[in-house]
>>> print(open('upload.cif').read())   # mmCIF, C-alpha atoms
data_start
#
loop_
_atom_site.label_atom_id
_atom_site.label_comp_id
_atom_site.auth_asym_id
_atom_site.auth_seq_id
_atom_site.Cartn_x
_atom_site.Cartn_y
_atom_site.Cartn_z
CA MET A 18 45.44 -73.42 -37.38
CA ALA A 19 48.79 -74.69 -36.05
CA ILE A 20 52.20 -74.69 -37.73
CA ASN A 21 52.77 -77.72 -39.93
CA TYR A 22 56.49 -78.38 -39.52
CA ASP A 23 57.05 -80.31 -42.76
CA LYS A 24 54.99 -77.92 -44.84
CA LEU A 25 56.76 -74.84 -43.49
CA MET A 26 60.24 -76.37 -43.87
CA ALA A 27 59.43 -76.98 -47.55
CA TRP A 28 57.79 -73.60 -48.13
CA PRO A 29 57.98 -72.87 -51.90
CA PHE A 30 59.72 -69.50 -52.20
CA GLU A 31 60.09 -68.09 -55.68
CA ASP A 32 63.25 -66.25 -56.64
CA VAL A 33 62.84 -62.47 -56.33
CA ARG A 34 64.45 -60.46 -59.12
CA HIS A 35 65.04 -56.95 -57.83
CA ARG A 36 66.33 -54.01 -59.83
CA TYR A 37 67.21 -51.10 -57.55
CA THR A 38 68.36 -47.58 -58.34
CA LYS A 39 70.36 -44.84 -56.65
CA ARG A 40 67.03 -43.43 -55.52
CA ASP A 41 66.29 -46.66 -53.63
CA THR A 42 69.74 -46.58 -52.02
CA MET A 43 69.22 -43.00 -50.87
CA LEU A 44 65.69 -43.76 -49.62
CA TYR A 45 67.01 -46.63 -47.51
CA ALA A 46 69.54 -44.32 -45.82
CA LEU A 47 66.88 -41.65 -45.27
CA GLY A 48 64.76 -44.36 -43.64
CA LEU A 49 67.50 -44.73 -41.02
CA GLY A 50 67.44 -41.00 -40.30
CA LEU A 51 70.65 -40.14 -42.16
CA GLY A 52 70.79 -36.69 -43.70
CA ALA A 53 68.96 -34.97 -40.84
CA ASP A 54 71.79 -32.43 -40.81
CA PRO A 55 72.34 -31.38 -44.45
CA MET A 56 75.76 -29.95 -43.48
CA ASP A 57 77.06 -33.31 -42.27
CA GLU A 58 79.05 -34.55 -45.27
CA ALA A 59 79.81 -37.86 -43.56
CA GLU A 60 76.10 -38.65 -43.93
CA LEU A 61 75.45 -36.71 -47.13
CA ARG A 62 77.36 -39.24 -49.24
CA PHE A 63 74.73 -41.87 -48.35
CA VAL A 64 71.70 -39.73 -49.25
CA TYR A 65 72.92 -37.65 -52.23
CA GLU A 66 73.50 -39.01 -55.71
CA LYS A 67 76.89 -37.31 -56.24
CA ASP A 68 79.56 -39.93 -55.38
CA LEU A 69 76.84 -41.99 -53.67
CA VAL A 70 77.93 -44.79 -51.33
CA ALA A 71 75.57 -47.59 -50.28
CA LEU A 72 75.27 -48.47 -46.62
CA PRO A 73 76.64 -51.93 -45.79
CA THR A 74 73.24 -53.11 -44.54
CA LEU A 75 71.44 -52.27 -47.81
CA PRO A 76 71.13 -56.02 -48.65
CA VAL A 77 68.47 -56.41 -45.94
CA VAL A 78 66.00 -54.75 -48.33
CA LEU A 79 67.21 -56.44 -51.55
CA GLY A 80 65.46 -59.49 -52.95
CA TYR A 81 63.05 -59.44 -49.99
CA PRO A 82 60.29 -62.07 -50.35
CA GLY A 83 57.68 -59.86 -48.67
CA MET A 84 55.31 -60.84 -45.89
CA TRP A 85 55.12 -64.47 -46.99
CA ILE A 86 54.59 -65.56 -43.39
CA ARG A 87 51.19 -63.79 -43.35
CA ASP A 88 49.86 -66.47 -45.72
CA PRO A 89 47.24 -68.35 -43.65
CA ALA A 90 48.67 -71.63 -44.95
CA THR A 91 51.78 -71.12 -42.78
CA GLY A 92 49.67 -71.60 -39.65
CA VAL A 93 51.41 -68.62 -38.02
CA ASP A 94 49.56 -65.90 -36.08
CA ALA A 95 51.11 -63.07 -38.09
CA VAL A 96 49.75 -60.31 -35.84
CA ARG A 97 51.81 -61.52 -32.87
CA LEU A 98 55.11 -62.35 -34.55
CA VAL A 99 58.23 -60.22 -34.08
CA HIS A 100 61.68 -60.16 -35.63
CA GLY A 101 63.98 -61.98 -33.21
CA GLU A 102 67.47 -61.95 -34.76
CA GLN A 103 69.22 -60.82 -37.92
CA SER A 104 72.61 -61.64 -39.38
CA LEU A 105 74.32 -60.39 -42.51
CA VAL A 106 77.51 -61.56 -44.20
CA ILE A 107 78.70 -59.18 -46.91
CA HIS A 108 80.66 -60.97 -49.62
CA ARG A 109 80.91 -57.83 -51.76
CA HIS A 110 79.97 -54.33 -50.64
CA PRO A 111 76.66 -53.37 -52.28
CA ALA A 112 76.74 -51.12 -55.31
CA PRO A 113 74.55 -47.97 -55.29
CA GLU A 114 72.42 -49.48 -58.05
CA GLY A 115 72.06 -52.83 -59.74
CA GLU A 116 69.92 -55.93 -60.24
CA VAL A 117 69.95 -58.85 -57.85
CA ILE A 118 68.17 -62.13 -57.21
CA GLY A 119 66.97 -62.96 -53.71
CA ARG A 120 66.75 -66.68 -52.94
CA THR A 121 65.07 -67.54 -49.61
CA LYS A 122 64.52 -70.78 -47.73
CA VAL A 123 63.39 -71.91 -44.28
CA THR A 124 66.38 -73.52 -42.56
CA GLY A 125 64.86 -74.51 -39.20
CA ILE A 126 61.90 -74.28 -36.83
CA ALA A 127 62.13 -74.61 -33.04
CA ASP A 128 59.05 -75.23 -30.88
CA LYS A 129 59.61 -73.55 -27.51
CA GLY A 130 56.42 -75.08 -26.08
CA ALA A 131 52.81 -74.10 -25.45
CA GLY A 132 52.60 -70.49 -24.37
CA LYS A 133 56.30 -69.92 -25.15
CA GLY A 134 56.20 -69.43 -28.90
CA ALA A 135 58.18 -70.80 -31.82
CA LEU A 136 61.29 -69.74 -33.74
CA ILE A 137 61.44 -69.82 -37.54
CA TYR A 138 64.90 -69.52 -39.13
CA THR A 139 65.25 -68.36 -42.72
CA GLU A 140 68.22 -67.72 -45.00
CA ARG A 141 68.29 -65.35 -47.95
CA ARG A 142 71.10 -65.34 -50.48
CA VAL A 143 71.43 -62.18 -52.57
CA LEU A 144 73.12 -62.79 -55.92
CA ASP A 145 74.13 -60.54 -58.79
CA ALA A 146 71.48 -61.13 -61.46
CA ALA A 147 73.92 -61.01 -64.37
CA SER A 148 76.90 -63.00 -63.06
CA GLY A 149 75.35 -65.13 -60.31
CA GLU A 150 78.01 -63.87 -57.87
CA LEU A 151 76.96 -64.22 -54.24
CA LEU A 152 76.82 -60.70 -52.79
CA ALA A 153 75.35 -61.26 -49.33
CA THR A 154 73.96 -63.98 -47.09
CA LEU A 155 71.28 -63.04 -44.58
CA GLY A 156 69.94 -65.06 -41.68
CA SER A 157 66.72 -64.15 -39.91
CA THR A 158 64.95 -65.49 -36.83
CA THR A 159 61.23 -64.82 -36.49
CA PHE A 160 59.75 -65.19 -33.01
CA CYS A 161 56.17 -66.39 -33.37
CA ARG A 162 54.84 -65.48 -29.93
CA ALA A 163 51.51 -67.31 -30.25
CA ASP A 164 52.56 -70.48 -32.07
CA GLY A 165 54.42 -72.71 -29.62
CA GLY A 166 53.25 -76.21 -28.75
CA PHE A 167 52.66 -77.50 -32.29
CA GLY A 168 54.70 -80.63 -31.67
CA GLY A 169 57.90 -79.72 -33.49
CA PRO A 170 61.53 -80.13 -32.37
CA SER A 171 62.77 -77.86 -29.59
CA GLY A 172 66.01 -76.97 -31.35
CA PRO A 173 68.57 -76.31 -32.46
CA VAL A 174 68.63 -72.76 -31.08
CA LYS A 175 71.18 -70.26 -32.39
CA PRO A 176 73.98 -69.56 -29.87
CA VAL A 177 74.23 -66.07 -28.37
CA HIS A 178 77.27 -63.80 -28.73
CA GLU A 179 78.29 -62.77 -25.22
CA LEU A 180 79.24 -59.14 -24.76
CA PRO A 181 82.49 -58.20 -22.97
CA THR A 182 82.14 -57.67 -19.22
CA ARG A 183 84.09 -54.38 -19.19
CA ALA A 184 82.47 -50.99 -19.70
CA HIS A 185 81.82 -50.19 -23.35
CA ASP A 186 84.55 -48.29 -25.20
CA ARG A 187 82.37 -45.82 -27.10
CA HIS A 188 78.76 -44.91 -27.66
CA LEU A 189 76.91 -42.92 -30.30
CA ASP A 190 73.39 -41.48 -30.03
CA ARG A 191 70.86 -41.00 -32.82
CA LYS A 192 67.56 -39.25 -32.27
CA THR A 193 64.95 -40.84 -34.54
CA PRO A 194 62.28 -38.64 -36.16
CA PRO A 195 58.66 -39.40 -35.13
CA GLY A 196 57.74 -40.36 -38.70
CA LEU A 197 60.78 -42.55 -39.40
CA ALA A 198 58.86 -45.85 -39.69
CA LEU A 199 56.70 -44.34 -42.44
CA ILE A 200 59.87 -43.58 -44.41
CA TYR A 201 61.64 -46.86 -43.72
CA ARG A 202 58.63 -48.94 -44.86
CA LEU A 203 59.01 -47.48 -48.37
CA SER A 204 62.10 -49.68 -48.74
CA GLY A 205 59.80 -52.70 -48.91
CA ASP A 206 58.60 -53.81 -45.47
CA TYR A 207 54.93 -52.80 -45.49
CA ASN A 208 53.91 -54.58 -42.29
CA PRO A 209 51.00 -52.42 -41.00
CA LEU A 210 52.31 -52.88 -37.45
CA HIS A 211 54.64 -49.98 -38.27
CA ALA A 212 51.90 -47.67 -39.57
CA GLU A 213 48.44 -48.42 -38.10
CA PRO A 214 47.84 -47.30 -34.50
CA ALA A 215 44.87 -49.64 -33.97
CA LEU A 216 46.74 -52.68 -35.25
CA ALA A 217 49.77 -51.83 -33.13
CA ARG A 218 47.55 -51.64 -30.02
CA SER A 219 45.98 -55.00 -30.86
CA ALA A 220 49.49 -56.48 -30.98
CA GLY A 221 50.26 -55.12 -27.50
CA PHE A 222 52.12 -51.91 -28.39
CA GLU A 223 51.05 -48.42 -27.37
CA ARG A 224 51.64 -47.09 -30.89
CA PRO A 225 53.29 -48.18 -34.18
CA ILE A 226 56.84 -49.36 -33.61
CA LEU A 227 59.99 -48.80 -35.65
CA HIS A 228 61.11 -51.66 -37.85
CA GLY A 229 63.73 -53.77 -36.13
CA LEU A 230 65.81 -53.58 -39.29
CA ALA A 231 65.80 -49.78 -39.07
CA SER A 232 67.33 -50.00 -35.57
CA TYR A 233 69.72 -52.60 -37.03
CA GLY A 234 70.85 -50.21 -39.77
CA ILE A 235 71.26 -47.35 -37.30
CA ALA A 236 73.51 -49.51 -35.12
CA ALA A 237 75.54 -50.60 -38.16
CA PHE A 238 76.13 -46.99 -39.13
CA ALA A 239 77.33 -46.34 -35.58
CA VAL A 240 79.91 -49.10 -36.08
CA VAL A 241 80.96 -47.49 -39.37
CA GLN A 242 81.46 -44.16 -37.60
CA ALA A 243 83.05 -45.36 -34.36
CA ALA A 244 85.08 -48.41 -35.36
CA ALA A 245 85.63 -48.34 -39.14
CA GLY A 246 86.91 -44.80 -39.56
CA GLY A 247 83.77 -43.83 -41.48
CA ASP A 248 84.54 -46.40 -44.21
CA ALA A 249 81.30 -48.32 -44.85
CA THR A 250 83.09 -50.87 -47.03
CA ARG A 251 84.98 -52.25 -44.01
CA ILE A 252 81.88 -53.94 -42.55
CA ALA A 253 82.16 -57.66 -43.35
CA SER A 254 79.40 -59.04 -41.15
CA PHE A 255 76.79 -57.74 -38.73
CA GLU A 256 74.42 -59.62 -36.44
CA THR A 257 72.26 -58.91 -33.41
CA ARG A 258 69.18 -59.90 -31.40
CA PHE A 259 66.08 -57.71 -31.19
CA SER A 260 65.21 -57.50 -27.50
CA SER A 261 62.64 -54.70 -27.29
CA PRO A 262 60.81 -52.38 -29.70
CA VAL A 263 61.72 -48.78 -30.48
CA TYR A 264 59.04 -46.13 -30.87
CA PRO A 265 59.82 -43.56 -33.57
CA GLY A 266 60.94 -40.34 -31.94
CA GLU A 267 63.14 -42.05 -29.37
CA THR A 268 66.94 -41.82 -29.14
CA ILE A 269 68.93 -44.96 -29.95
CA ARG A 270 72.29 -45.16 -28.16
CA THR A 271 74.66 -47.72 -29.67
CA GLU A 272 77.28 -48.95 -27.18
CA LEU A 273 80.41 -50.52 -28.65
CA TRP A 274 83.29 -52.71 -27.48
CA ILE A 275 86.10 -52.55 -30.04
CA ASP A 276 88.56 -55.46 -30.08
CA GLY A 277 90.56 -55.23 -33.27
CA ALA A 278 88.49 -56.53 -36.17
CA THR A 279 85.65 -57.65 -33.87
CA VAL A 280 83.14 -55.10 -32.59
CA SER A 281 80.59 -56.15 -29.97
CA PHE A 282 77.61 -53.89 -29.50
CA ARG A 283 74.17 -53.33 -28.06
CA ALA A 284 71.68 -50.48 -28.38
CA ARG A 285 69.37 -48.91 -25.86
CA VAL A 286 66.58 -46.36 -25.95
CA VAL A 287 67.85 -43.47 -23.86
CA GLU A 288 64.45 -42.12 -22.82
CA ARG A 289 63.28 -45.43 -21.31
CA ASP A 290 66.71 -46.97 -20.56
CA VAL A 291 65.64 -50.15 -22.35
CA ILE A 292 67.98 -52.43 -24.33
CA VAL A 293 66.53 -52.79 -27.82
CA LEU A 294 69.39 -54.62 -29.60
CA ASN A 295 71.56 -57.06 -27.70
CA ASN A 296 74.42 -59.54 -28.11
CA GLY A 297 75.55 -57.78 -31.28
CA ARG A 298 78.71 -58.60 -33.18
CA ALA A 299 80.27 -57.02 -36.25
CA SER A 300 83.47 -57.99 -38.07
CA LEU A 301 85.64 -55.54 -39.97
CA ARG A 302 87.75 -55.95 -43.07
#
>>> encode(input="upload.cif", output="structure tokens")
Amino acid sequence: MAINYDKLMAWPFEDVRHRYTKRDTMLYALGLGLGADPMDEAELRFVYEKDLVALPTLPVVLGYPGMWIRDPATGVDAVRLVHGEQSLVIHRHPAPEGEVIGRTKVTGIADKGAGKGALIYTERRVLDAASGELLATLGSTTFCRADGGFGGPSGPVKPVHELPTRAHDRHLDRKTPPGLALIYRLSGDYNPLHAEPALARSAGFERPILHGLASYGIAAFAVVQAAAGGDATRIASFETRFSSPVYPGETIRTELWIDGATVSFRARVVERDVIVLNNGRASLR
């Protein structure tokens, strides 16, 4: 079954009302590996309820519509899709607990051609459930590796942020625990690709991979540490491309170029010297 462009562009998302607690906020941070050193108070404030602070990337798990793209009616081969890009604009720093509404829509589909895959662009707006205030706007690109050649338009394609040509200014390393994907999935992304060895092998991976959004959150925390003076509320926006998977247990090195309020970044797996996040850009308040 091939992608039906008109049907997918008009996909009927329902609003997602999501009440989250301090426990959920702490679990999200634990799913990024924070708190591994219980004596590190810079991380403790994100994983302990006393004076709890939410990470700036928490909205990626709020109001999430679930694995809607696995519905056979989409025409997408859900086993072979991967997360291609993610952006986040933070209009108000997330509270440690609250109730939000997630409102999702498909904003574009690009057919890269037979054998080259397709790109599906979605936008999710996260709003305060009581006031209707817009809290965050998220943009996501899904790379459907097996679904090109359905006869749709070839663009538009999102432009790429070019990294500076000089050597990076700073880097931070984070060793991920082998079971990290099993923790991160408890924040709402239950794709079995991150848990089932047999399914991961059928998708072309040697073992279950870490969620791209876990690597995303790890890189964002590196920006908080290295460029924002440890102040998570200074992150105003954060976007990157997912260029290669991470296997839980590997070390993610985030490399940063700091130019005032703009931070360019990429992340690599140290053990394999493979770039896993690329063309990243964050803006600071």
>>> resolve_selection(input="upload.cif", expression="the PyMOL selection byres ((chain A and resi 68-80) around 9)", output="ChimeraX atom specification")
/A:32-37,39,42-43,45-46,61-67,81-83,105,107,110-114,117-121,141-144,152-155,204-206,230,233-234,237-238,241,249-255
>>> closest_residue(input="upload.cif", among="A:Ala239, A:Ala59, A:Leu273, A:Met18", to="Arg183 of chain A", atoms="only C-alpha atoms")
A:Leu273
>>> residues_near_point(input="upload.cif", point="(60.2, -41.5, -32.5)", cutoff="12 Å", atoms="only C-alpha atoms", output="number ranges by chain")
A: 49-50, 191-199, 211, 224-228, 231-232, 262-269, 286-288
>>> atom_distance(input="upload.cif", atom1="atom CA of Thr271 of chain A", atom2="atom CA of Arg40 of chain A")
27.3 Å
>>> resolve_selection(input="upload.cif", expression="the PyMOL selection byres ((chain A and resi 98) around 6)", output="PyMOL selection string")
chain A and resi 95-97+99+160-162
>>> write_last_selection(input="upload.cif", atoms="C-alpha atoms", output="PDB file, keeping the file's coordinate frame")
ATOM      1  CA  ALA A  95      51.110 -63.070 -38.090  1.00  0.00           C
ATOM      2  CA  VAL A  96      49.750 -60.310 -35.840  1.00  0.00           C
ATOM      3  CA  ARG A  97      51.810 -61.520 -32.870  1.00  0.00           C
ATOM      4  CA  VAL A  99      58.230 -60.220 -34.080  1.00  0.00           C
ATOM      5  CA  PHE A 160      59.750 -65.190 -33.010  1.00  0.00           C
ATOM      6  CA  CYS A 161      56.170 -66.390 -33.370  1.00  0.00           C
ATOM      7  CA  ARG A 162      54.840 -65.480 -29.930  1.00  0.00           C
TER       8      ARG A 162
END
>>> resolve_selection(input="upload.cif", expression="the PyMOL selection byres ((chain A and resi 187) around 7)", output="PDB file with C-alpha atoms, in the frame of the given file")
ATOM      1  CA  HIS A 185      81.820 -50.190 -23.350  1.00  0.00           C
ATOM      2  CA  ASP A 186      84.550 -48.290 -25.200  1.00  0.00           C
ATOM      3  CA  HIS A 188      78.760 -44.910 -27.660  1.00  0.00           C
ATOM      4  CA  LEU A 189      76.910 -42.920 -30.300  1.00  0.00           C
ATOM      5  CA  GLU A 272      77.280 -48.950 -27.180  1.00  0.00           C
ATOM      6  CA  LEU A 273      80.410 -50.520 -28.650  1.00  0.00           C
ATOM      7  CA  TRP A 274      83.290 -52.710 -27.480  1.00  0.00           C
TER       8      TRP A 274
END
>>> residues_around(input="upload.cif", residues="Ala278 of chain A", least_positions_apart="2", cutoff="12 Å", atoms="only C-alpha atoms", output="MDAnalysis selection string")
chainID A and resid 240 244:245 251:254 274:276 280:281 298:302
>>> residues_near_point(input="upload.cif", point="(69.9, -61.1, -39.9)", cutoff="7 Å", atoms="all atoms listed in the file", output="MDAnalysis selection string")
chainID A and resid 102:105 155:157 256
>>> axis_aligned_box(input="upload.cif", around="segment 141-145 of chain A", padding_each_side="6 Å", output="lines of an AutoDock Vina configuration file")
center_x = 71.2
center_y = -62.9
center_z = -53.4
size_x = 17.8
size_y = 16.8
size_z = 22.8
>>> atom_distance(input="upload.cif", atom1="atom CA of Ile235 of chain A", atom2="atom CA of Gly221 of chain A")
24.4 Å
>>> atom_distance(input="upload.cif", atom1="atom CA of Val93 of chain A", atom2="atom CA of Gly172 of chain A")
18.1 Å
>>> closest_residue(input="upload.cif", among="A:Leu47, A:Ile86, A:Ala217, A:Leu180", to="Phe30 of chain A", atoms="only C-alpha atoms")
A:Ile86
>>> closest_residue(input="upload.cif", among="A:Ala146, A:Gly169, A:His108, A:Val177", to="Met26 of chain A", atoms="all atoms listed in the file")
A:Gly169
>>> closest_residue(input="upload.cif", among="A:Gly92, A:Gly48, A:Gly277, A:Pro55", to="Asp23 of chain A", atoms="only C-alpha atoms")
A:Gly92
>>> residues_around(input="upload.cif", residues="Thr159 of chain A", least_positions_apart="5", cutoff="7 Å", atoms="all atoms listed in the file", output="VMD selection string")
chain A and resid 98 to 101 136 to 138
>>> closest_residue(input="upload.cif", among="A:Leu44, A:Ala220, A:Ala27, A:Val293", to="Ile200 of chain A", atoms="only C-alpha atoms")
A:Leu44
>>> build_atoms(input="upload.cif", residues="segment 44-59 of chain A", atoms="N, CA and C atoms", output="PDB file, keeping the file's coordinate frame")
ATOM      1  N   LEU A  44      66.896 -43.631 -50.437  1.00  0.00           N
ATOM      2  CA  LEU A  44      65.690 -43.760 -49.620  1.00  0.00           C
ATOM      3  C   LEU A  44      65.930 -44.673 -48.421  1.00  0.00           C
ATOM      4  N   TYR A  45      66.687 -45.740 -48.622  1.00  0.00           N
ATOM      5  CA  TYR A  45      67.010 -46.630 -47.510  1.00  0.00           C
ATOM      6  C   TYR A  45      67.769 -45.868 -46.423  1.00  0.00           C
ATOM      7  N   ALA A  46      68.768 -45.083 -46.811  1.00  0.00           N
ATOM      8  CA  ALA A  46      69.540 -44.320 -45.820  1.00  0.00           C
ATOM      9  C   ALA A  46      68.677 -43.265 -45.134  1.00  0.00           C
ATOM     10  N   LEU A  47      67.791 -42.619 -45.883  1.00  0.00           N
ATOM     11  CA  LEU A  47      66.880 -41.650 -45.270  1.00  0.00           C
ATOM     12  C   LEU A  47      65.954 -42.332 -44.276  1.00  0.00           C
ATOM     13  N   GLY A  48      65.609 -43.596 -44.545  1.00  0.00           N
ATOM     14  CA  GLY A  48      64.760 -44.360 -43.640  1.00  0.00           C
ATOM     15  C   GLY A  48      65.438 -44.739 -42.341  1.00  0.00           C
ATOM     16  N   LEU A  49      66.756 -44.528 -42.260  1.00  0.00           N
ATOM     17  CA  LEU A  49      67.500 -44.730 -41.020  1.00  0.00           C
ATOM     18  C   LEU A  49      67.752 -43.400 -40.306  1.00  0.00           C
ATOM     19  N   GLY A  50      67.270 -42.316 -40.901  1.00  0.00           N
ATOM     20  CA  GLY A  50      67.440 -41.000 -40.300  1.00  0.00           C
ATOM     21  C   GLY A  50      68.683 -40.262 -40.743  1.00  0.00           C
ATOM     22  N   LEU A  51      69.452 -40.831 -41.688  1.00  0.00           N
ATOM     23  CA  LEU A  51      70.650 -40.140 -42.160  1.00  0.00           C
ATOM     24  C   LEU A  51      70.228 -38.919 -42.977  1.00  0.00           C
ATOM     25  N   GLY A  52      71.080 -37.903 -42.967  1.00  0.00           N
ATOM     26  CA  GLY A  52      70.790 -36.690 -43.700  1.00  0.00           C
ATOM     27  C   GLY A  52      69.988 -35.669 -42.925  1.00  0.00           C
ATOM     28  N   ALA A  53      69.730 -35.927 -41.641  1.00  0.00           N
ATOM     29  CA  ALA A  53      68.960 -34.970 -40.840  1.00  0.00           C
ATOM     30  C   ALA A  53      69.658 -33.628 -40.769  1.00  0.00           C
ATOM     31  N   ASP A  54      70.995 -33.657 -40.767  1.00  0.00           N
ATOM     32  CA  ASP A  54      71.790 -32.430 -40.810  1.00  0.00           C
ATOM     33  C   ASP A  54      72.386 -32.324 -42.210  1.00  0.00           C
ATOM     34  N   PRO A  55      71.851 -31.447 -43.063  1.00  0.00           N
ATOM     35  CA  PRO A  55      72.340 -31.380 -44.450  1.00  0.00           C
ATOM     36  C   PRO A  55      73.777 -30.881 -44.569  1.00  0.00           C
ATOM     37  N   MET A  56      74.366 -30.402 -43.459  1.00  0.00           N
ATOM     38  CA  MET A  56      75.760 -29.950 -43.480  1.00  0.00           C
ATOM     39  C   MET A  56      76.732 -31.054 -43.081  1.00  0.00           C
ATOM     40  N   ASP A  57      76.208 -32.193 -42.702  1.00  0.00           N
ATOM     41  CA  ASP A  57      77.060 -33.310 -42.270  1.00  0.00           C
ATOM     42  C   ASP A  57      77.448 -34.124 -43.504  1.00  0.00           C
ATOM     43  N   GLU A  58      78.645 -33.883 -44.029  1.00  0.00           N
ATOM     44  CA  GLU A  58      79.050 -34.550 -45.270  1.00  0.00           C
ATOM     45  C   GLU A  58      79.348 -36.021 -45.072  1.00  0.00           C
ATOM     46  N   ALA A  59      79.597 -36.442 -43.818  1.00  0.00           N
ATOM     47  CA  ALA A  59      79.810 -37.860 -43.560  1.00  0.00           C
ATOM     48  C   ALA A  59      78.529 -38.649 -43.814  1.00  0.00           C
TER      49      ALA A  59
END
